[in-house]
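**Q** Contents are PDB, C-alpha atoms; file name coords_0.pdb:
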```
ATOM      1  CA  MET A  21       1.495  15.189  14.269  1.00  0.00           C
ATOM      2  CA  GLY A  22       3.711  12.955  12.175  1.00  0.00           C
ATOM      3  CA  CYS A  23       2.894   9.462  13.419  1.00  0.00           C
ATOM      4  CA  PHE A  24       1.458   8.514  10.016  1.00  0.00           C
ATOM      5  CA  LEU A  25       4.952   8.859   8.520  1.00  0.00           C
ATOM      6  CA  VAL A  26       6.134   5.727  10.358  1.00  0.00           C
ATOM      7  CA  SER A  27       3.481   3.484   8.810  1.00  0.00           C
ATOM      8  CA  THR A  28       4.051   5.215   5.467  1.00  0.00           C
ATOM      9  CA  ALA A  29       7.754   4.370   5.624  1.00  0.00           C
ATOM     10  CA  GLU A  30       6.961   0.753   6.494  1.00  0.00           C
ATOM     11  CA  ALA A  31       4.416   0.639   3.658  1.00  0.00           C
ATOM     12  CA  VAL A  32       7.053   1.820   1.166  1.00  0.00           C
ATOM     13  CA  ILE A  33       9.463  -0.876   2.343  1.00  0.00           C
ATOM     14  CA  VAL A  34       6.774  -3.591   2.237  1.00  0.00           C
ATOM     15  CA  THR A  35       5.723  -2.490  -1.257  1.00  0.00           C
ATOM     16  CA  ALA A  36       9.301  -2.872  -2.489  1.00  0.00           C
ATOM     17  CA  ALA A  37       9.630  -6.263  -0.770  1.00  0.00           C
ATOM     18  CA  LYS A  38       6.356  -7.419  -2.349  1.00  0.00           C
ATOM     19  CA  LYS A  39       7.576  -6.502  -5.830  1.00  0.00           C
ATOM     20  CA  ALA A  40      10.831  -8.369  -5.253  1.00  0.00           C
ATOM     21  CA  GLU A  41       8.977 -11.412  -3.920  1.00  0.00           C
ATOM     22  CA  GLU A  42       6.618 -11.438  -6.917  1.00  0.00           C
ATOM     23  CA  LYS A  43       9.593 -11.478  -9.286  1.00  0.00           C
ATOM     24  CA  LYS A  44      11.175 -14.309  -7.319  1.00  0.00           C
ATOM     25  CA  GLU A  45       7.938 -16.338  -7.312  1.00  0.00           C
ATOM     26  CA  ILE A  46       7.475 -15.858 -11.049  1.00  0.00           C
ATOM     27  CA  ARG A  47      11.070 -16.955 -11.647  1.00  0.00           C
ATOM     28  CA  LEU A  48      10.564 -20.065  -9.494  1.00  0.00           C
ATOM     29  CA  GLY A  49       7.106 -20.799 -10.895  1.00  0.00           C
ATOM     30  CA  GLU A  50       5.321 -20.346  -7.571  1.00  0.00           C
ATOM     31  CA  GLY A  51       3.284 -17.258  -8.413  1.00  0.00           C
ATOM     32  CA  GLU A  52      -0.367 -16.818  -9.224  1.00  0.00           C
ATOM     33  CA  ALA A  53       0.083 -19.025 -12.322  1.00  0.00           C
ATOM     34  CA  VAL A  54       0.250 -22.111 -10.097  1.00  0.00           C
ATOM     35  CA  GLU A  55      -3.129 -23.811  -9.868  1.00  0.00           C
ATOM     36  CA  GLU A  56      -4.961 -23.079  -6.629  1.00  0.00           C
ATOM     37  CA  THR A  57      -5.802 -26.760  -6.167  1.00  0.00           C
ATOM     38  CA  LYS A  58      -2.132 -27.725  -6.044  1.00  0.00           C
ATOM     39  CA  ARG A  59      -1.259 -25.085  -3.484  1.00  0.00           C
ATOM     40  CA  THR A  60      -1.042 -25.953   0.217  1.00  0.00           C
ATOM     41  CA  SER A  61       0.062 -22.507   1.376  1.00  0.00           C
ATOM     42  CA  ILE A  62      -0.561 -18.890   0.497  1.00  0.00           C
ATOM     43  CA  PRO A  63       2.250 -17.211  -1.460  1.00  0.00           C
ATOM     44  CA  LEU A  64       4.295 -14.673   0.476  1.00  0.00           C
ATOM     45  CA  SER A  65       3.598 -12.020  -2.148  1.00  0.00           C
ATOM     46  CA  ARG A  66      -0.131 -12.267  -1.429  1.00  0.00           C
ATOM     47  CA  LYS A  67       0.501 -12.011   2.308  1.00  0.00           C
ATOM     48  CA  LEU A  68       2.697  -8.964   1.738  1.00  0.00           C
ATOM     49  CA  THR A  69      -0.142  -7.458  -0.300  1.00  0.00           C
ATOM     50  CA  TRP A  70      -2.375  -7.746   2.765  1.00  0.00           C
ATOM     51  CA  LEU A  71       0.216  -5.972   4.917  1.00  0.00           C
ATOM     52  CA  LYS A  72       0.820  -3.338   2.251  1.00  0.00           C
ATOM     53  CA  ASN A  73      -2.894  -2.578   1.998  1.00  0.00           C
ATOM     54  CA  MET A  74      -3.289  -2.369   5.773  1.00  0.00           C
ATOM     55  CA  LEU A  75      -0.321  -0.009   6.122  1.00  0.00           C
ATOM     56  CA  TRP A  76      -1.235   2.263   3.209  1.00  0.00           C
ATOM     57  CA  GLY A  77      -4.862   2.381   4.342  1.00  0.00           C
ATOM     58  CA  GLY A  78      -3.896   3.325   7.872  1.00  0.00           C
ATOM     59  CA  ALA A  79      -1.425   5.941   6.673  1.00  0.00           C
ATOM     60  CA  VAL A  80      -4.011   7.573   4.399  1.00  0.00           C
ATOM     61  CA  LEU A  81      -6.629   7.638   7.164  1.00  0.00           C
ATOM     62  CA  LEU A  82      -4.160   9.165   9.609  1.00  0.00           C
ATOM     63  CA  LEU A  83      -3.049  11.715   7.028  1.00  0.00           C
ATOM     64  CA  PHE A  84      -6.683  12.718   6.502  1.00  0.00           C
ATOM     65  CA  GLU A  85      -7.181  13.021  10.263  1.00  0.00           C
ATOM     66  CA  HIS A  86      -4.081  15.205  10.601  1.00  0.00           C
ATOM     67  CA  ILE A  87      -5.215  17.409   7.706  1.00  0.00           C
ATOM     68  CA  TRP A  88      -8.645  17.696   9.344  1.00  0.00           C
ATOM     69  CA  HIS A  89      -7.068  18.921  12.586  1.00  0.00           C
ATOM     70  CA  GLY A  90      -4.743  21.355  10.807  1.00  0.00           C
ATOM     71  CA  GLU A  91      -1.521  19.524  11.648  1.00  0.00           C
ATOM     72  CA  VAL A  92      -0.670  18.952   7.973  1.00  0.00           C
ATOM     73  CA  VAL A  93      -0.901  21.880   5.566  1.00  0.00           C
ATOM     74  CA  ALA A  94      -0.349  22.398   1.837  1.00  0.00           C
ATOM     75  CA  TRP A  95       2.623  24.761   2.252  1.00  0.00           C
ATOM     76  CA  PHE A  96       6.163  24.257   3.480  1.00  0.00           C
ATOM     77  CA  PRO A  97       7.087  22.780   5.959  1.00  0.00           C
ATOM     78  CA  PHE A  98       3.820  20.781   5.519  1.00  0.00           C
ATOM     79  CA  LEU A  99       3.839  19.582   9.122  1.00  0.00           C
ATOM     80  CA  THR A 100       2.909  22.498  11.366  1.00  0.00           C
ATOM     81  CA  ALA A 101       5.028  21.055  14.177  1.00  0.00           C
ATOM     82  CA  MET A 102       8.175  21.597  12.126  1.00  0.00           C
ATOM     83  CA  SER A 103       7.857  25.389  12.254  1.00  0.00           C
ATOM     84  CA  ASP A 104       8.921  25.491  15.922  1.00  0.00           C
ATOM     85  CA  PRO A 105      11.874  23.494  17.335  1.00  0.00           C
ATOM     86  CA  ALA A 106       9.988  22.712  20.551  1.00  0.00           C
ATOM     87  CA  ASP A 107       7.047  21.330  18.574  1.00  0.00           C
ATOM     88  CA  THR A 108       9.443  19.356  16.382  1.00  0.00           C
ATOM     89  CA  ALA A 109      10.792  17.557  19.451  1.00  0.00           C
ATOM     90  CA  VAL A 110       7.245  16.684  20.520  1.00  0.00           C
ATOM     91  CA  MET A 111       6.457  15.460  16.995  1.00  0.00           C
ATOM     92  CA  LEU A 112       9.561  13.237  16.879  1.00  0.00           C
ATOM     93  CA  HIS A 113       8.661  11.805  20.289  1.00  0.00           C
ATOM     94  CA  GLU A 114       5.136  11.071  19.049  1.00  0.00           C
ATOM     95  CA  MET A 115       6.524   9.382  15.946  1.00  0.00           C
ATOM     96  CA  ALA A 116       8.907   7.286  18.057  1.00  0.00           C
ATOM     97  CA  THR A 117       6.199   6.173  20.477  1.00  0.00           C
ATOM     98  CA  VAL A 118       2.738   6.302  18.913  1.00  0.00           C
ATOM     99  CA  GLY A 119       3.813   5.841  15.289  1.00  0.00           C
ATOM    100  CA  VAL A 120       6.065   2.868  15.987  1.00  0.00           C
ATOM    101  CA  CYS A 121       3.458   1.235  18.244  1.00  0.00           C
ATOM    102  CA  MET A 122       0.761   1.598  15.577  1.00  0.00           C
ATOM    103  CA  ALA A 123       3.022   0.168  12.876  1.00  0.00           C
ATOM    104  CA  LEU A 124       3.996  -2.742  15.131  1.00  0.00           C
ATOM    105  CA  LEU A 125       0.361  -3.433  16.016  1.00  0.00           C
ATOM    106  CA  ILE A 126      -0.590  -3.535  12.337  1.00  0.00           C
ATOM    107  CA  THR A 127       2.294  -5.928  11.657  1.00  0.00           C
ATOM    108  CA  VAL A 128       1.339  -8.195  14.565  1.00  0.00           C
ATOM    109  CA  VAL A 129      -2.295  -8.315  13.418  1.00  0.00           C
ATOM    110  CA  TRP A 130      -1.077  -9.140   9.902  1.00  0.00           C
ATOM    111  CA  ALA A 131       1.126 -11.953  11.257  1.00  0.00           C
ATOM    112  CA  GLY A 132      -1.888 -13.376  13.079  1.00  0.00           C
ATOM    113  CA  MET A 133      -3.915 -13.170   9.870  1.00  0.00           C
ATOM    114  CA  CYS A 134      -1.202 -15.072   8.011  1.00  0.00           C
ATOM    115  CA  ILE A 135      -1.060 -17.825  10.634  1.00  0.00           C
ATOM    116  CA  VAL A 136      -4.834 -18.282  10.605  1.00  0.00           C
ATOM    117  CA  ALA A 137      -5.037 -18.176   6.796  1.00  0.00           C
ATOM    118  CA  ASP A 138      -2.271 -20.766   6.424  1.00  0.00           C
ATOM    119  CA  ALA A 139      -3.996 -23.036   8.943  1.00  0.00           C
ATOM    120  CA  ILE A 140      -7.263 -22.784   7.000  1.00  0.00           C
ATOM    121  CA  VAL A 141      -5.569 -23.524   3.667  1.00  0.00           C
ATOM    122  CA  LYS A 142      -3.708 -26.520   5.108  1.00  0.00           C
ATOM    123  CA  ARG A 143      -6.902 -27.867   6.699  1.00  0.00           C
ATOM    124  CA  GLU A 144      -8.793 -27.520   3.417  1.00  0.00           C
ATOM    125  CA  ALA A 145      -5.964 -29.209   1.501  1.00  0.00           C
ATOM    126  CA  LYS A 146      -5.949 -32.068   4.015  1.00  0.00           C
ATOM    127  CA  GLU A 147      -9.735 -32.459   3.773  1.00  0.00           C
ATOM    128  CA  SER A 148      -9.699 -32.453  -0.027  1.00  0.00           C
ATOM    129  CA  ALA A 149      -6.870 -34.987  -0.071  1.00  0.00           C
ATOM    130  CA  SER A 150      -8.773 -37.316   2.257  1.00  0.00           C
ATOM    131  CA  GLU A 151     -11.910 -37.003   0.063  1.00  0.00           C
ATOM    132  CA  THR A 152     -10.033 -38.070  -3.071  1.00  0.00           C
ATOM    133  CA  VAL A 153      -8.558 -41.146  -1.421  1.00  0.00           C
TER     134      VAL A 153
END
```
What's the structure tokens form of this structure?
**A**
Amino acid sequence: MGCFLVSTAEAVIVTAAKKAEEKKEIRLGEGEAVEETKRTSIPLSRKLTWLKNMLWGGAVLLLFEHIWHGEVVAWFPFLTAMSDPADTAVMLHEMATVGVCMALLITVVWAGMCIVADAIVKREAKESASETV
């Protein structure tokens, strides 16, 4: 019903955080302008881009699925569950359970991706440093 709104809200917050982090990295000289060979970790702004893309992608797919099943319409109140108070309660419960669980799962998968990616970058930096010595 409205579970896609939870990941959409998280995606909006992550997008804002990514923009702020990019500005901070540019100010500190740690952004994309830094040579890749000198880097031993992946910038946070790039990691936030991964999370942002995962969240927006999931939200768009869920929105499409809800439109397909007639739960989201082009006229007010847009969510068909909001036309009846009993359905609204069910929708809010779904958002609080299913929507939050999906958003948390996406975030946990992203955190795992970041850990693995950092380990790979550090291993490659260590190998390249040992080759030059």
**Q** Would you tabulate, counting only C-alpha atoms, all residues of stretch 59-98 of chain A that have an atom at most 10 Å from an atom of stretch 115-127 of chain A, showing the closest pair of atoms and their distance in Å to one decimal, sorted by chain then ascending number, as JSON lines?
**A**
```
{"residue": "A:Leu71", "atom": "CA", "partner": "A:Thr127", "partner_atom": "CA", "distance": 7.1}
{"residue": "A:Lys72", "atom": "CA", "partner": "A:Thr127", "partner_atom": "CA", "distance": 9.9}
{"residue": "A:Met74", "atom": "CA", "partner": "A:Ile126", "partner_atom": "CA", "distance": 7.2}
{"residue": "A:Leu75", "atom": "CA", "partner": "A:Ile126", "partner_atom": "CA", "distance": 7.2}
{"residue": "A:Gly78", "atom": "CA", "partner": "A:Ile126", "partner_atom": "CA", "distance": 8.8}
{"residue": "A:Ala79", "atom": "CA", "partner": "A:Ala123", "partner_atom": "CA", "distance": 9.6}
```
**Q** Any chance you could work out the residue set of the PyMOL selection byres ((chain A and resi 29-40) around 8) here, as a ChimeraX atom specification?
**A** /A:25-28,41-44,65,68-69,71-72,75-76,123
**Q** Atom CA of A:Arg66 and atom CA of A:Ile46, how far apart in Å?
**A**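 Between these atoms lies a distance of 12.8 Å.
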**Q** Choose the residue, out of A:Gly77, A:Pro63, A:Gly132, A:Gly22, that has the smallest atom-to-atom separation from A:Thr100; count all atoms listed in the file.
**A**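 Using all atoms listed in the file, the shortest distance to A:Thr100 belongs to A:Gly22.
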**Q** Just the number, please: distance in Å from atom CA of A:Phe98 to atom CA of A:Asn73, one decimal.
**A**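 Between these atoms lies a distance of 24.6 Å.
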**Q** Report, in Å to a single decimal, how far apart atom CA of A:Trp70 and atom CA of A:Val92 are.
**A** 27.3 Å
